[in-house]
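Q: There's a structure below that I have some questions on.
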Amino acid sequence: MIELTDEQYLELVAYIKLRFGIHLGMQKRNLVKGRMQRIFSRHGFEGFKTYYAYLTQDVTGKADDELVNAITTNHTYFMREVSHFDLFAKEVLPFLYQTVKNHDLRIWCAACSTGEEAYTLAMLIADFFATKKENWDTKLLATDISSEVLQQAQKGIYLNTDFQSLPESWRRQYFTRCDVEHYQIKSQVKAGVIFRQFNLMEEVFPFKKKFHTIFCRNVMIYFDDATIKNLIKKFYDLLEPGGYLFIGHSEVLERGTTSFRYVSPAVYRKG
């Protein structure tokens, strides 16, 4: 096991917060050390100083990518927090169908992990527009900071046990069986999702058009109050009037500190 002094650990924690927004306390020290071990083993670093020099002097972005892949936890599954998907299907999509005049639907899944959330949204969108005659651009943007989970998401291969919460009709319509244990998302669903690597701590968000809905769930639990406040303001500015923001059920926007209007648990709208 690698050794980190208090000073070295805090130095690494400060770097992680600056680059990725993730706020780690001393109680996470053993977890971080365990996850850093594979980086040290892979490169043969003899100690923290050698690694930290490699990390801070790298200009390719590979060292940051490797670090965030190691320290992030990417736990997700299909239909997680199902009430959100019910509201999206029954309220949000009908509202957008009636109000978006140019037929350009813009949805952002801002922390897509291994793809289950993004593909769930894509299937709901496909179901909703299946009976509509107009031509709509319904591709959604799915981003994550981790290149490893994005690679898994783009493959779209999942275990049988991952489908327990999905309708059987979806399994037949939107998935292809790979083998006894695995299914893969069909190309028609994949085509509805654009995966990109993106760091929510970027000072300037490069999007040219505003979104109608943003999903950013179970990510801000890793951020401190100042980081959350700044990110929420960016989300507000990036949404069209009346646009929806979905966050995790363990996350709360304090009334009086945001311009968002409360809709239901972990769902907000831009006024």
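By order of appearance in the structure tokens: chains A, B, ..., then residues from 1 within every chain, and ligands from 1 in the order shown.
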May I have the residues within 7 Å of Lys270 of chain A as a ChimeraX atom specification, using only C-alpha atoms and disregarding those fewer than 4 positions away in the same chain?
A: /A:236,241-244,260-261
Q: With C-alpha atoms retained, write the just-selected residues as a PDB file, in the first residue's frame.
A:
```
ATOM      1  CA  TYR A 236     -29.922  27.872 -14.787  1.00  0.00           C
ATOM      2  CA  PRO A 241     -37.263  29.395 -19.941  1.00  0.00           C
ATOM      3  CA  GLY A 242     -39.461  26.749 -18.335  1.00  0.00           C
ATOM      4  CA  GLY A 243     -36.698  24.162 -18.658  1.00  0.00           C
ATOM      5  CA  TYR A 244     -36.366  21.339 -16.148  1.00  0.00           C
ATOM      6  CA  PHE A 260     -35.099  27.636  -9.772  1.00  0.00           C
ATOM      7  CA  ARG A 261     -38.708  26.881  -8.897  1.00  0.00           C
TER       8      ARG A 261
END
```
Q: From a DSSP calculation on the backbone, collect every residue of segment 10-250 of chain A in alpha helix (DSSP H) and output the set as number ranges by chain.
A: A: 10-20, 29-43, 48-57, 62-71, 82-87, 93-99, 116-129, 147-155, 168-174, 187-190, 225-238
Q: Can you work out which one of A:Ile22, A:Ile232, A:Leu140, A:Ala122 has the shortest atom-to-atom distance to Arg269 of chain A, counting only C-alpha atoms?
A: A:Ile232
Q: Residues of segment 117-166 of chain A classed as strand (DSSP E) by DSSP on the backbone are to be reported as a ChimeraX atom specification.
A: /A:140-144,157-159
Q: Selection from above, N, CA and C atoms, as a compact mmCIF listing (two decimals), in the first residue's frame, can you write it?
A:
```txt
# COMPACT_ATOMS: atom_id res chain seq x y z
N LEU A 140 -29.93 13.18 -27.63
CA LEU A 140 -29.58 13.80 -26.37
C LEU A 140 -28.07 13.72 -26.14
N LEU A 141 -27.55 14.70 -25.42
CA LEU A 141 -26.13 14.76 -25.09
C LEU A 141 -25.90 14.09 -23.75
N ALA A 142 -24.93 13.18 -23.69
CA ALA A 142 -24.58 12.49 -22.45
C ALA A 142 -23.09 12.68 -22.19
N THR A 143 -22.75 13.27 -21.05
CA THR A 143 -21.35 13.55 -20.75
C THR A 143 -20.96 12.97 -19.41
N ASP A 144 -19.67 12.73 -19.27
CA ASP A 144 -19.11 12.30 -17.99
C ASP A 144 -17.64 12.68 -17.97
N ILE A 157 -23.35 -2.55 -23.53
CA ILE A 157 -23.54 -3.97 -23.19
C ILE A 157 -23.78 -4.10 -21.69
N TYR A 158 -24.85 -4.81 -21.33
CA TYR A 158 -25.24 -4.90 -19.93
C TYR A 158 -25.62 -6.34 -19.57
N LEU A 159 -25.51 -6.64 -18.29
CA LEU A 159 -25.86 -7.96 -17.78
C LEU A 159 -27.38 -8.14 -17.71
```
Q: Taking only C-alpha atoms into account, which of A:Asp58, A:Glu134, A:Glu3, A:Glu181 comes nearest Gly34 of chain A?
A: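 Nearest to Gly34 of chain A: A:Glu3.
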Q: Which residues, written as a list in words, have at least one atom at most 10 Å from Lys17 of chain A, with only C-alpha atoms counted and residues fewer than 5 positions away on the same chain left out?
A: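 Counting only C-alpha atoms, the residues come to Leu12, Ile22, His23, Leu24, Met201, Tyr222, Phe223, Asp224 and Thr227 of chain A.
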Q: So which residues touch Thr114 of chain A within 9 Å, counting only C-alpha atoms, skipping near sequence neighbours fewer than 3 positions away, as JSON, numbers by chain?
A: {"A": [74, 75, 76, 77, 117, 118, 144, 148, 149, 150, 151, 152, 153, 154, 156]}
Q: Do a neighbour search on Met26 of chain A at 10 Å with only C-alpha atoms, toss out local chain neighbours closer than 2 positions, and write the hits as a list of chain:residue names.
A: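 My list of contacting residues is A:Asp6, A:Tyr9, A:Leu10, A:Val13, A:Leu24, A:Lys28, A:Arg29, A:Asn30, A:Leu31, A:Val32.
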Q: Give me a file of those residues, with N, CA and C atoms, as a PDB file, in the first residue's frame.
A:
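Writing done, so here's out.pdb:
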```pdb
ATOM      1  N   ASP A   6       0.010  13.315   5.951  1.00  0.00           N
ATOM      2  CA  ASP A   6      -1.147  14.217   5.991  1.00  0.00           C
ATOM      3  C   ASP A   6      -0.989  15.345   4.973  1.00  0.00           C
ATOM      4  N   TYR A   9      -1.472  14.002   1.393  1.00  0.00           N
ATOM      5  CA  TYR A   9      -2.874  13.694   1.131  1.00  0.00           C
ATOM      6  C   TYR A   9      -3.672  14.970   0.890  1.00  0.00           C
ATOM      7  N   LEU A  10      -3.485  15.974   1.731  1.00  0.00           N
ATOM      8  CA  LEU A  10      -4.206  17.230   1.583  1.00  0.00           C
ATOM      9  C   LEU A  10      -3.819  17.956   0.299  1.00  0.00           C
ATOM     10  N   VAL A  13      -5.765  16.118  -2.342  1.00  0.00           N
ATOM     11  CA  VAL A  13      -7.182  16.460  -2.202  1.00  0.00           C
ATOM     12  C   VAL A  13      -7.456  17.850  -2.780  1.00  0.00           C
ATOM     13  N   LEU A  24     -13.078  15.915  -0.858  1.00  0.00           N
ATOM     14  CA  LEU A  24     -12.717  14.727  -0.077  1.00  0.00           C
ATOM     15  C   LEU A  24     -12.173  15.140   1.288  1.00  0.00           C
ATOM     16  N   LYS A  28     -11.810   9.941   3.927  1.00  0.00           N
ATOM     17  CA  LYS A  28     -11.704   9.221   2.658  1.00  0.00           C
ATOM     18  C   LYS A  28     -10.259   8.794   2.358  1.00  0.00           C
ATOM     19  N   ARG A  29      -9.371   9.012   3.295  1.00  0.00           N
ATOM     20  CA  ARG A  29      -7.953   8.803   3.027  1.00  0.00           C
ATOM     21  C   ARG A  29      -7.629   7.378   2.602  1.00  0.00           C
ATOM     22  N   ASN A  30      -8.123   6.394   3.331  1.00  0.00           N
ATOM     23  CA  ASN A  30      -7.811   5.007   2.990  1.00  0.00           C
ATOM     24  C   ASN A  30      -8.421   4.605   1.646  1.00  0.00           C
ATOM     25  N   LEU A  31      -9.615   5.116   1.368  1.00  0.00           N
ATOM     26  CA  LEU A  31     -10.251   4.844   0.078  1.00  0.00           C
ATOM     27  C   LEU A  31      -9.402   5.402  -1.062  1.00  0.00           C
ATOM     28  N   VAL A  32      -8.952   6.639  -0.911  1.00  0.00           N
ATOM     29  CA  VAL A  32      -8.137   7.267  -1.949  1.00  0.00           C
ATOM     30  C   VAL A  32      -6.825   6.519  -2.122  1.00  0.00           C
TER      31      VAL A  32
END
```
Q: I'd like the neighbourhood of Leu55 of chain A as a list of chain:residue names, where a residue qualifies if any of its atoms comes within 12 Å (using only C-alpha atoms), though same-chain residues fewer than 2 positions away should be ignored.
A: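 In the requested form, the answer reads A:Glu11, A:Leu12, A:Tyr15, A:Ile16, A:Arg19, A:Ile39, A:Phe40, A:His43, A:Phe45, A:Phe48, A:Lys49, A:Thr50, A:Tyr51, A:Tyr52, A:Ala53, A:Gln57, A:Asp58, A:Val59, A:Thr60, A:Gly61, A:Lys62, A:Ala63, A:Asp64, A:Asp65, A:Glu66, A:Leu67, A:Val68.
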Q: Closest to Phe198 of chain A among A:Phe20, A:Met220, A:Thr176, A:Ser250, using only C-alpha atoms?
A: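 Under the stated criterion, the closest residue is A:Phe20.
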Q: Do you know which residues are at most 7 Å from Ser165 of chain A counting only C-alpha atoms, after dropping those on the same chain fewer than 2 positions away, and could you put them as a ChimeraX atom specification?
A: /A:78-79,163,167
Q: Nearest residue to Ala110 of chain A out of A:Gln197, A:Gln37, A:Gln27, A:Asn160, using only C-alpha atoms?
A: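 Going through A:Gln197, A:Gln37, A:Gln27, A:Asn160 one by one, the smallest distance to Ala110 of chain A is for A:Gln197.
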Q: Please, what distance in Å, to one decimal, runs between atom CA of Phe128 of chain A and atom CA of Tyr97 of chain A?
A: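 We find that atom CA of Phe128 of chain A and atom CA of Tyr97 of chain A lie 9.6 Å from each other.
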Q: Return the single residue from A:Thr99, A:Arg38, A:Asp237, A:Cys178 that is closest to Phe205 of chain A, with distances computed using only C-alpha atoms.
A: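 Of the candidates, the smallest distance to Phe205 of chain A is held by A:Asp237.
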Q: Which residue gives the smallest distance to Tyr119 of chain A among A:Val180, A:Ala89, A:Ile145, A:Ile194, with only C-alpha atoms counted?
A: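 The answer is A:Ile194, which sits nearest to Tyr119 of chain A.
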Q: Please report the interatomic distance between atom CA of Leu245 of chain A and atom CA of Leu93 of chain A in Å with one decimal.
A: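 Those two atoms sit 13.4 Å apart.
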Q: What does the distance between atom CA of Val82 of chain A and atom CA of Cys109 of chain A come to in Å, to one decimal place?
A: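 A separation of 15.5 Å between them.
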